[in-house]
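Peer 1: Structure in C-alpha coordinates, see below.
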Amino acid sequence: MLQIKNLSKTFAGHSQPTLSSISLTLQTGDFCMVIGSNGSGKSTLLKILLGEYAADTGKIRLGDQDIFKQPLYQRGKYISGVFQDVVRGTIADMTVSENLSLAYMRGRKATFGSYRQYQHVFMQHLSSLQMDLEKKLNTLCRELSGGQRQAIAFTMATLHSPQLLLLDEHCSALDPKSSQHIMESTAQLIQQKNITTLMVTHHLPDAIKHGNRLIMIHKGNIVFDVSGTEKKALTITQLLQRFHHHEDSLLMGEG
(Lines give C-alpha, C1' and ligand atoms only; values in the text may rest on other atoms or scores of the structure.)
Protein backbone atom coordinates (compact mmCIF):
# COMPACT_ATOMS: atom_id res chain seq x y z
CA MET A 1 0.00 0.00 0.00
CA LEU A 2 1.16 3.54 -0.84
CA GLN A 3 0.02 6.29 1.51
CA ILE A 4 0.71 9.95 0.72
CA LYS A 5 -0.46 12.48 3.31
CA ASN A 6 -0.46 16.28 3.05
CA LEU A 7 2.42 16.40 0.58
CA SER A 8 3.46 19.95 -0.34
CA LYS A 9 6.22 21.48 -2.45
CA THR A 10 6.96 25.09 -3.34
CA PHE A 11 9.99 25.87 -5.46
CA ALA A 12 12.23 28.84 -4.77
CA GLY A 13 11.09 31.92 -6.63
CA HIS A 14 7.49 30.70 -6.93
CA SER A 15 4.72 32.25 -4.87
CA GLN A 16 2.31 29.37 -5.45
CA PRO A 17 2.95 25.76 -4.39
CA THR A 18 3.54 23.16 -7.10
CA LEU A 19 1.92 20.59 -4.81
CA SER A 20 -0.59 21.71 -2.19
CA SER A 21 -1.19 19.22 0.65
CA ILE A 22 -1.86 16.27 -1.64
CA SER A 23 -3.14 13.08 -0.02
CA LEU A 24 -3.52 9.79 -1.89
CA THR A 25 -3.78 6.11 -0.95
CA LEU A 26 -3.15 3.26 -3.39
CA GLN A 27 -3.76 -0.37 -2.58
CA THR A 28 -1.21 -2.99 -3.58
CA GLY A 29 -1.55 -3.66 -7.31
CA ASP A 30 -3.44 -0.45 -8.10
CA PHE A 31 -2.59 1.00 -11.52
CA CYS A 32 -3.34 4.72 -11.23
CA MET A 33 -3.26 7.02 -14.25
CA VAL A 34 -2.34 10.66 -13.52
CA ILE A 35 -3.45 13.43 -15.88
CA GLY A 36 -3.36 17.22 -15.78
CA SER A 37 -2.05 20.27 -17.59
CA ASN A 38 1.63 21.18 -17.85
CA GLY A 39 2.92 22.52 -14.56
CA SER A 40 0.11 20.98 -12.52
CA GLY A 41 2.51 19.03 -10.30
CA LYS A 42 2.32 15.55 -11.82
CA SER A 43 6.04 15.03 -12.45
CA THR A 44 6.94 16.77 -9.20
CA LEU A 45 4.92 14.18 -7.31
CA LEU A 46 6.83 11.33 -8.97
CA LYS A 47 10.21 12.99 -8.42
CA ILE A 48 9.50 13.41 -4.71
CA LEU A 49 8.68 9.71 -4.48
CA LEU A 50 11.97 8.89 -6.22
CA GLY A 51 13.92 11.30 -4.03
CA GLU A 52 14.93 13.71 -6.80
CA TYR A 53 13.08 16.51 -5.00
CA ALA A 54 12.61 17.02 -1.28
CA ALA A 55 9.08 17.71 -0.04
CA ASP A 56 8.39 20.73 2.15
CA THR A 57 5.80 18.93 4.24
CA GLY A 58 3.98 15.61 4.31
CA LYS A 59 4.49 11.90 4.81
CA ILE A 60 4.87 8.96 2.45
CA ARG A 61 4.64 5.33 3.46
CA LEU A 62 5.12 2.35 1.16
CA GLY A 63 4.03 -0.78 2.96
CA ASP A 64 5.71 -0.55 6.36
CA GLN A 65 8.44 1.79 5.07
CA ASP A 66 8.59 5.49 5.90
CA ILE A 67 10.00 6.77 2.60
CA PHE A 68 11.44 9.98 4.00
CA LYS A 69 13.42 8.07 6.62
CA GLN A 70 15.08 5.86 4.02
CA PRO A 71 18.47 6.79 2.48
CA LEU A 72 18.10 7.57 -1.22
CA TYR A 73 20.13 4.53 -2.28
CA GLN A 74 17.67 2.32 -0.40
CA ARG A 75 14.67 3.58 -2.39
CA GLY A 76 16.02 1.93 -5.53
CA LYS A 77 15.39 -1.47 -3.96
CA TYR A 78 11.63 -1.01 -3.97
CA ILE A 79 10.84 1.99 -6.20
CA SER A 80 11.57 2.11 -9.95
CA GLY A 81 10.86 4.73 -12.60
CA VAL A 82 10.78 5.10 -16.39
CA PHE A 83 10.74 8.54 -17.98
CA GLN A 84 9.97 10.33 -21.23
CA ASP A 85 13.64 10.70 -22.17
CA VAL A 86 14.49 7.46 -23.98
CA VAL A 87 18.21 7.74 -23.19
CA ARG A 88 17.82 8.34 -19.46
CA GLY A 89 17.04 4.79 -18.43
CA THR A 90 19.97 3.00 -20.11
CA ILE A 91 23.74 3.38 -20.39
CA ALA A 92 24.56 3.93 -24.06
CA ASP A 93 28.04 2.39 -24.08
CA MET A 94 26.98 -0.83 -22.36
CA THR A 95 25.27 -3.79 -23.99
CA VAL A 96 21.65 -4.70 -23.39
CA SER A 97 22.77 -7.61 -21.22
CA GLU A 98 25.12 -5.41 -19.17
CA ASN A 99 22.37 -2.86 -18.58
CA LEU A 100 19.96 -5.58 -17.49
CA SER A 101 22.60 -7.09 -15.22
CA LEU A 102 23.01 -3.80 -13.38
CA ALA A 103 19.27 -3.54 -12.88
CA TYR A 104 18.85 -7.15 -11.83
CA MET A 105 21.57 -6.91 -9.20
CA ARG A 106 19.85 -3.95 -7.54
CA GLY A 107 19.47 -4.89 -3.91
CA ARG A 108 21.32 -8.19 -4.43
CA LYS A 109 24.85 -9.25 -3.61
CA ALA A 110 26.94 -9.13 -6.77
CA THR A 111 28.91 -12.27 -7.60
CA PHE A 112 31.51 -13.12 -10.18
CA GLY A 113 29.79 -14.34 -13.29
CA SER A 114 26.52 -12.50 -12.62
CA TYR A 115 26.59 -11.27 -16.19
CA ARG A 116 26.09 -14.79 -17.56
CA GLN A 117 24.26 -16.26 -14.61
CA TYR A 118 21.01 -14.44 -15.34
CA GLN A 119 20.96 -14.57 -19.14
CA HIS A 120 17.97 -16.91 -19.13
CA VAL A 121 16.03 -14.44 -16.97
CA PHE A 122 16.79 -11.62 -19.39
CA MET A 123 15.81 -13.75 -22.37
CA GLN A 124 12.48 -14.57 -20.75
CA HIS A 125 11.63 -10.95 -19.97
CA LEU A 126 12.67 -9.64 -23.37
CA SER A 127 10.81 -12.38 -25.23
CA SER A 128 7.57 -11.33 -23.52
CA LEU A 129 7.85 -7.91 -25.19
CA GLN A 130 7.68 -9.54 -28.65
CA MET A 131 10.20 -7.07 -30.10
CA ASP A 132 13.00 -9.58 -30.84
CA LEU A 133 15.16 -7.86 -28.22
CA GLU A 134 16.29 -11.22 -26.87
CA LYS A 135 18.42 -11.38 -30.04
CA LYS A 136 20.19 -8.14 -29.09
CA LEU A 137 21.65 -9.00 -25.69
CA ASN A 138 25.17 -8.24 -26.92
CA THR A 139 24.19 -5.04 -28.75
CA LEU A 140 25.22 -1.64 -27.36
CA CYS A 141 22.19 0.37 -26.27
CA ARG A 142 23.31 3.32 -28.40
CA GLU A 143 22.68 1.15 -31.48
CA LEU A 144 19.02 0.54 -30.62
CA SER A 145 16.03 2.53 -31.80
CA GLY A 146 14.18 4.80 -29.39
CA GLY A 147 11.39 2.27 -28.93
CA GLN A 148 13.83 -0.57 -28.32
CA ARG A 149 15.79 1.47 -25.83
CA GLN A 150 12.66 2.45 -23.94
CA ALA A 151 11.61 -1.20 -23.84
CA ILE A 152 14.97 -2.03 -22.26
CA ALA A 153 14.54 0.78 -19.71
CA PHE A 154 11.09 -0.55 -18.81
CA THR A 155 12.46 -4.08 -18.48
CA MET A 156 15.24 -2.80 -16.22
CA ALA A 157 12.71 -1.03 -14.02
CA THR A 158 10.55 -4.11 -13.55
CA LEU A 159 13.09 -6.96 -13.45
CA HIS A 160 13.15 -7.08 -9.66
CA SER A 161 9.37 -6.55 -9.29
CA PRO A 162 9.44 -3.22 -7.41
CA GLN A 163 6.83 -2.40 -4.80
CA LEU A 164 6.14 0.87 -6.63
CA LEU A 165 6.57 1.68 -10.32
CA LEU A 166 6.56 5.31 -11.51
CA LEU A 167 6.01 6.03 -15.22
CA ASP A 168 6.36 9.61 -16.44
CA GLU A 169 5.23 9.96 -20.06
CA HIS A 170 7.36 6.91 -20.87
CA CYS A 171 5.69 6.39 -24.28
CA SER A 172 5.31 9.99 -25.45
CA ALA A 173 8.68 10.31 -27.25
CA LEU A 174 8.10 7.21 -29.37
CA ASP A 175 6.48 6.77 -32.77
CA PRO A 176 2.80 5.72 -32.63
CA LYS A 177 3.46 2.02 -33.31
CA SER A 178 6.23 1.73 -30.70
CA SER A 179 4.22 3.77 -28.22
CA GLN A 180 1.21 1.49 -28.51
CA HIS A 181 3.36 -1.64 -28.22
CA ILE A 182 5.22 -0.40 -25.13
CA MET A 183 1.96 0.70 -23.50
CA GLU A 184 0.29 -2.66 -24.07
CA SER A 185 3.35 -4.48 -22.72
CA THR A 186 3.40 -2.14 -19.74
CA ALA A 187 -0.21 -2.79 -18.82
CA GLN A 188 0.17 -6.55 -19.23
CA LEU A 189 3.28 -6.81 -17.06
CA ILE A 190 1.86 -4.56 -14.32
CA GLN A 191 -1.16 -6.81 -14.11
CA GLN A 192 0.88 -10.02 -14.15
CA LYS A 193 3.26 -8.86 -11.41
CA ASN A 194 0.61 -6.95 -9.44
CA ILE A 195 2.87 -3.88 -9.21
CA THR A 196 1.46 -0.73 -7.60
CA THR A 197 1.90 1.90 -10.32
CA LEU A 198 1.53 5.65 -10.84
CA MET A 199 1.60 6.63 -14.51
CA VAL A 200 1.63 10.23 -15.76
CA THR A 201 0.26 10.64 -19.27
CA HIS A 202 -1.19 13.28 -21.58
CA HIS A 203 -2.63 10.60 -23.84
CA LEU A 204 -6.26 10.44 -22.74
CA PRO A 205 -7.13 7.19 -24.60
CA ASP A 206 -4.41 5.41 -22.58
CA ALA A 207 -5.63 7.06 -19.37
CA ILE A 208 -9.11 5.68 -19.98
CA LYS A 209 -8.19 2.26 -21.36
CA HIS A 210 -5.55 1.24 -18.85
CA GLY A 211 -5.43 1.11 -15.08
CA ASN A 212 -8.13 0.73 -12.45
CA ARG A 213 -7.96 4.31 -11.17
CA LEU A 214 -7.51 7.82 -12.58
CA ILE A 215 -6.72 11.11 -10.86
CA MET A 216 -6.49 14.62 -12.28
CA ILE A 217 -4.08 17.09 -10.72
CA HIS A 218 -4.68 20.80 -11.23
CA LYS A 219 -2.50 23.55 -9.77
CA GLY A 220 -1.07 21.18 -7.18
CA ASN A 221 -4.36 19.65 -6.06
CA ILE A 222 -6.18 16.42 -6.85
CA VAL A 223 -9.43 17.68 -8.36
CA PHE A 224 -10.80 14.44 -9.80
CA ASP A 225 -10.46 10.86 -8.57
CA VAL A 226 -12.33 7.97 -10.17
CA SER A 227 -11.95 4.19 -10.13
CA GLY A 228 -13.63 0.88 -10.90
CA THR A 229 -16.70 0.79 -13.12
CA GLU A 230 -17.01 4.58 -13.01
CA LYS A 231 -13.57 4.89 -14.59
CA LYS A 232 -14.39 2.30 -17.25
CA ALA A 233 -17.43 4.34 -18.26
CA LEU A 234 -15.42 7.55 -18.77
CA THR A 235 -15.15 9.10 -22.21
CA ILE A 236 -12.50 11.42 -23.63
CA THR A 237 -15.16 14.11 -23.94
CA GLN A 238 -15.93 13.89 -20.24
CA LEU A 239 -12.26 14.16 -19.31
CA LEU A 240 -11.80 17.16 -21.60
CA GLN A 241 -14.83 18.81 -20.02
CA ARG A 242 -13.31 18.28 -16.57
CA PHE A 243 -9.99 19.70 -17.73
CA HIS A 244 -11.53 22.76 -19.37
CA HIS A 245 -13.75 23.38 -16.34
CA HIS A 246 -10.71 23.80 -14.09
CA GLU A 247 -8.78 25.82 -16.66
CA ASP A 248 -11.75 28.17 -17.17
CA SER A 249 -12.22 28.55 -13.42
CA LEU A 250 -8.57 29.52 -13.08
CA LEU A 251 -8.85 32.14 -15.84
CA MET A 252 -11.97 33.61 -14.26
CA GLY A 253 -10.22 33.80 -10.89
CA GLU A 254 -7.33 35.67 -12.48
CA GLY A 255 -9.72 38.11 -14.14
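The chains in the C-alpha coordinates are called A, B, ... from first to last as shown; in each chain the residues are counted from 1, and the ligands are counted from 1 in the order shown.
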Would you please extract all strand (DSSP E or B) residues from segment 7-253 of chain A, as assigned by DSSP on the backbone, and give them as a ChimeraX atom specification?
Peer 2: /A:7-9,19-26,31-35,57-62,65-66,79-83,95,140,164-168,196-200,213-218,221-227
Peer 1: When you look at segment 230-241 of chain A with a cut-off of 7 Å (counting only C-alpha atoms), what residues show up, excluding the ones that are within fewer than 2 positions of it in the same chain? I need them as a list in words.
Peer 2: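 The residues that qualify are Leu204, Pro205, Ile208, Arg213, Val226, Ser227, Gly228, Phe243, His244 and His245 of chain A.
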Peer 1: When distances are computed from only C-alpha atoms, which of A:Gly51, A:Leu137, A:Lys77, A:Asp225 shows the smallest separation from Ser23 of chain A?
Peer 2: A:Asp225
Peer 1: Extract, using only C-alpha atoms, all DNA, RNA and protein residues at most 12 Å from Met183 of chain A, discarding same-chain residues fewer than 6 positions from it, and format them as a PyMOL selection string.
Peer 2: chain A and resi 129+147+150-151+154+167+169-172+174-177+189-190+199+201+203+205-207+209-211
Peer 1: Save out the residues we just selected, N, CA and C atoms, as a PDB file, in the first residue's frame.
Peer 2:
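Output (result.pdb):
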ATOM      1  N   LEU A 129       8.149  -9.176 -24.533  1.00  0.00           N
ATOM      2  CA  LEU A 129       7.855  -7.907 -25.192  1.00  0.00           C
ATOM      3  C   LEU A 129       7.542  -8.081 -26.679  1.00  0.00           C
ATOM      4  N   GLY A 147      12.356   3.205 -29.492  1.00  0.00           N
ATOM      5  CA  GLY A 147      11.392   2.271 -28.926  1.00  0.00           C
ATOM      6  C   GLY A 147      12.055   1.084 -28.260  1.00  0.00           C
ATOM      7  N   GLN A 150      13.649   2.242 -24.986  1.00  0.00           N
ATOM      8  CA  GLN A 150      12.657   2.455 -23.938  1.00  0.00           C
ATOM      9  C   GLN A 150      12.128   1.126 -23.409  1.00  0.00           C
ATOM     10  N   ALA A 151      12.022   0.136 -24.280  1.00  0.00           N
ATOM     11  CA  ALA A 151      11.608  -1.198 -23.841  1.00  0.00           C
ATOM     12  C   ALA A 151      12.634  -1.796 -22.893  1.00  0.00           C
ATOM     13  N   PHE A 154      12.254  -0.032 -19.532  1.00  0.00           N
ATOM     14  CA  PHE A 154      11.091  -0.551 -18.814  1.00  0.00           C
ATOM     15  C   PHE A 154      11.397  -1.923 -18.215  1.00  0.00           C
ATOM     16  N   LEU A 167       5.862   5.847 -13.772  1.00  0.00           N
ATOM     17  CA  LEU A 167       6.008   6.030 -15.218  1.00  0.00           C
ATOM     18  C   LEU A 167       5.637   7.458 -15.564  1.00  0.00           C
ATOM     19  N   GLU A 169       5.301   9.763 -18.608  1.00  0.00           N
ATOM     20  CA  GLU A 169       5.226   9.964 -20.062  1.00  0.00           C
ATOM     21  C   GLU A 169       6.203   9.038 -20.795  1.00  0.00           C
ATOM     22  N   HIS A 170       6.300   7.791 -20.367  1.00  0.00           N
ATOM     23  CA  HIS A 170       7.355   6.910 -20.873  1.00  0.00           C
ATOM     24  C   HIS A 170       7.121   6.448 -22.315  1.00  0.00           C
ATOM     25  N   CYS A 171       5.956   6.752 -22.883  1.00  0.00           N
ATOM     26  CA  CYS A 171       5.688   6.390 -24.283  1.00  0.00           C
ATOM     27  C   CYS A 171       5.611   7.605 -25.207  1.00  0.00           C
ATOM     28  N   SER A 172       5.645   8.797 -24.653  1.00  0.00           N
ATOM     29  CA  SER A 172       5.311   9.987 -25.446  1.00  0.00           C
ATOM     30  C   SER A 172       6.360  10.356 -26.486  1.00  0.00           C
ATOM     31  N   LEU A 174       7.977   8.282 -28.395  1.00  0.00           N
ATOM     32  CA  LEU A 174       8.099   7.212 -29.372  1.00  0.00           C
ATOM     33  C   LEU A 174       7.135   7.415 -30.537  1.00  0.00           C
ATOM     34  N   ASP A 175       7.414   6.742 -31.654  1.00  0.00           N
ATOM     35  CA  ASP A 175       6.484   6.773 -32.770  1.00  0.00           C
ATOM     36  C   ASP A 175       5.209   6.031 -32.368  1.00  0.00           C
ATOM     37  N   PRO A 176       4.089   6.293 -33.043  1.00  0.00           N
ATOM     38  CA  PRO A 176       2.805   5.721 -32.625  1.00  0.00           C
ATOM     39  C   PRO A 176       2.810   4.196 -32.467  1.00  0.00           C
ATOM     40  N   LYS A 177       3.451   3.483 -33.395  1.00  0.00           N
ATOM     41  CA  LYS A 177       3.459   2.024 -33.314  1.00  0.00           C
ATOM     42  C   LYS A 177       4.232   1.556 -32.088  1.00  0.00           C
ATOM     43  N   LEU A 189       2.317  -6.416 -18.087  1.00  0.00           N
ATOM     44  CA  LEU A 189       3.278  -6.808 -17.062  1.00  0.00           C
ATOM     45  C   LEU A 189       2.859  -6.311 -15.680  1.00  0.00           C
ATOM     46  N   ILE A 190       2.317  -5.098 -15.605  1.00  0.00           N
ATOM     47  CA  ILE A 190       1.860  -4.563 -14.320  1.00  0.00           C
ATOM     48  C   ILE A 190       0.791  -5.464 -13.722  1.00  0.00           C
ATOM     49  N   MET A 199       1.184   6.312 -13.149  1.00  0.00           N
ATOM     50  CA  MET A 199       1.605   6.627 -14.513  1.00  0.00           C
ATOM     51  C   MET A 199       1.076   7.978 -14.958  1.00  0.00           C
ATOM     52  N   THR A 201       0.433  10.655 -17.816  1.00  0.00           N
ATOM     53  CA  THR A 201       0.263  10.640 -19.271  1.00  0.00           C
ATOM     54  C   THR A 201      -0.585  11.829 -19.716  1.00  0.00           C
ATOM     55  N   HIS A 203      -1.882  11.317 -22.812  1.00  0.00           N
ATOM     56  CA  HIS A 203      -2.630  10.601 -23.842  1.00  0.00           C
ATOM     57  C   HIS A 203      -3.913  10.058 -23.221  1.00  0.00           C
ATOM     58  N   PRO A 205      -6.667   8.561 -24.345  1.00  0.00           N
ATOM     59  CA  PRO A 205      -7.125   7.191 -24.605  1.00  0.00           C
ATOM     60  C   PRO A 205      -6.433   6.160 -23.720  1.00  0.00           C
ATOM     61  N   ASP A 206      -5.114   6.321 -23.475  1.00  0.00           N
ATOM     62  CA  ASP A 206      -4.408   5.410 -22.579  1.00  0.00           C
ATOM     63  C   ASP A 206      -4.911   5.562 -21.145  1.00  0.00           C
ATOM     64  N   ALA A 207      -5.166   6.800 -20.737  1.00  0.00           N
ATOM     65  CA  ALA A 207      -5.631   7.058 -19.374  1.00  0.00           C
ATOM     66  C   ALA A 207      -6.961   6.374 -19.103  1.00  0.00           C
ATOM     67  N   LYS A 209      -8.241   3.701 -21.066  1.00  0.00           N
ATOM     68  CA  LYS A 209      -8.192   2.262 -21.356  1.00  0.00           C
ATOM     69  C   LYS A 209      -7.483   1.473 -20.274  1.00  0.00           C
ATOM     70  N   HIS A 210      -6.393   2.001 -19.757  1.00  0.00           N
ATOM     71  CA  HIS A 210      -5.549   1.236 -18.845  1.00  0.00           C
ATOM     72  C   HIS A 210      -5.722   1.696 -17.406  1.00  0.00           C
ATOM     73  N   GLY A 211      -5.386   0.784 -16.498  1.00  0.00           N
ATOM     74  CA  GLY A 211      -5.434   1.110 -15.082  1.00  0.00           C
ATOM     75  C   GLY A 211      -6.819   0.950 -14.484  1.00  0.00           C
TER      76      GLY A 211
END
Peer 1: In Å, how far is it from atom CA of Asn212 of chain A to atom CA of Asp30 of chain A?
Peer 2: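 Distance between the two atoms: 6.5 Å.
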Peer 1: What is the distance, in Å and to one decimal place, between atom CA of Ala103 of chain A and atom CA of Ile152 of chain A?
Peer 2: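 Atom CA of Ile152 of chain A lies 10.4 Å from atom CA of Ala103 of chain A.
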Peer 1: Any idea what the distance is between atom CA of Phe11 of chain A and atom CA of Leu50 of chain A?
Peer 2: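 One can read the atom CA of Phe11 of chain A to atom CA of Leu50 of chain A distance as 17.1 Å.
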Peer 1: Which residue, A:Ser21, A:Gln191, A:Thr155, A:Thr10, has the smallest gap to Ser128 of chain A when you use only C-alpha atoms?
Peer 2: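 The closest residue to Ser128 of chain A is A:Thr155.
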Peer 1: For Leu62 of chain A, work out the shell of residues within 6 Å, counting only C-alpha atoms and skipping chain neighbours fewer than 3 positions away, then give it as a ChimeraX atom specification.
Peer 2: /A:1-2,65
Peer 1: With DSSP run on the backbone, what are the alpha helix (DSSP H) residues within segment 45-210 of chain A? I'd like them as a PyMOL selection string.
Peer 2: chain A and resi 45-50+72-75+96-104+114-117+119-128+146-158+176-193+204-209
Peer 1: Contacts of Lys136 of chain A at 9 Å or less, counting only C-alpha atoms, minus same-chain residues fewer than 4 places along, as a list in words?
Peer 2: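 Result of the neighbour search: Thr95, Val96, Ser97, Asp132, Leu140 and Leu144 of chain A.
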Peer 1: Would you mind exporting the chosen residues as a PDB file, in the first residue's frame, restricted to N, CA, C and O atoms?
Peer 2:
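The file below, result.pdb, is the result:
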ATOM      1  N   THR A  95      26.172  -2.936 -23.236  1.00  0.00           N
ATOM      2  CA  THR A  95      25.267  -3.788 -23.992  1.00  0.00           C
ATOM      3  C   THR A  95      23.929  -3.922 -23.269  1.00  0.00           C
ATOM      4  O   THR A  95      23.794  -3.565 -22.089  1.00  0.00           O
ATOM      5  N   VAL A  96      22.957  -4.442 -23.993  1.00  0.00           N
ATOM      6  CA  VAL A  96      21.651  -4.701 -23.394  1.00  0.00           C
ATOM      7  C   VAL A  96      21.800  -5.605 -22.176  1.00  0.00           C
ATOM      8  O   VAL A  96      21.241  -5.347 -21.102  1.00  0.00           O
ATOM      9  N   SER A  97      22.581  -6.670 -22.312  1.00  0.00           N
ATOM     10  CA  SER A  97      22.773  -7.612 -21.218  1.00  0.00           C
ATOM     11  C   SER A  97      23.447  -6.954 -20.016  1.00  0.00           C
ATOM     12  O   SER A  97      23.078  -7.210 -18.858  1.00  0.00           O
ATOM     13  N   ASP A 132      11.758  -8.912 -30.429  1.00  0.00           N
ATOM     14  CA  ASP A 132      12.997  -9.579 -30.842  1.00  0.00           C
ATOM     15  C   ASP A 132      14.230  -9.042 -30.117  1.00  0.00           C
ATOM     16  O   ASP A 132      15.363  -9.197 -30.595  1.00  0.00           O
ATOM     17  N   LEU A 140      25.129  -2.861 -28.162  1.00  0.00           N
ATOM     18  CA  LEU A 140      25.222  -1.641 -27.362  1.00  0.00           C
ATOM     19  C   LEU A 140      23.897  -0.893 -27.423  1.00  0.00           C
ATOM     20  O   LEU A 140      23.259  -0.815 -28.483  1.00  0.00           O
ATOM     21  N   LEU A 144      20.440   0.897 -30.577  1.00  0.00           N
ATOM     22  CA  LEU A 144      19.024   0.542 -30.617  1.00  0.00           C
ATOM     23  C   LEU A 144      18.177   1.744 -31.028  1.00  0.00           C
ATOM     24  O   LEU A 144      18.584   2.889 -30.883  1.00  0.00           O
TER      25      LEU A 144
END
Peer 1: Using only C-alpha atoms for the distances, tell me which of A:Gly29, A:Gly81, A:Pro17, A:Gly58 is nearest to Gly41 of chain A.
Peer 2: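 Of all the options, A:Pro17 lies closest to Gly41 of chain A.
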Peer 1: So which one's closest to Ile217 of chain A, A:Met156, A:Leu165, A:Val200, A:Met131? Using only C-alpha atoms, please.
Peer 2: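 Looking only at the distances to Ile217 of chain A, the closest residue turns out to be A:Val200.
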Peer 1: Which residue gives the smallest distance to Val121 of chain A among A:Lys193, A:Arg88, A:His160, A:Arg142, with only C-alpha atoms counted?
Peer 2: A:His160
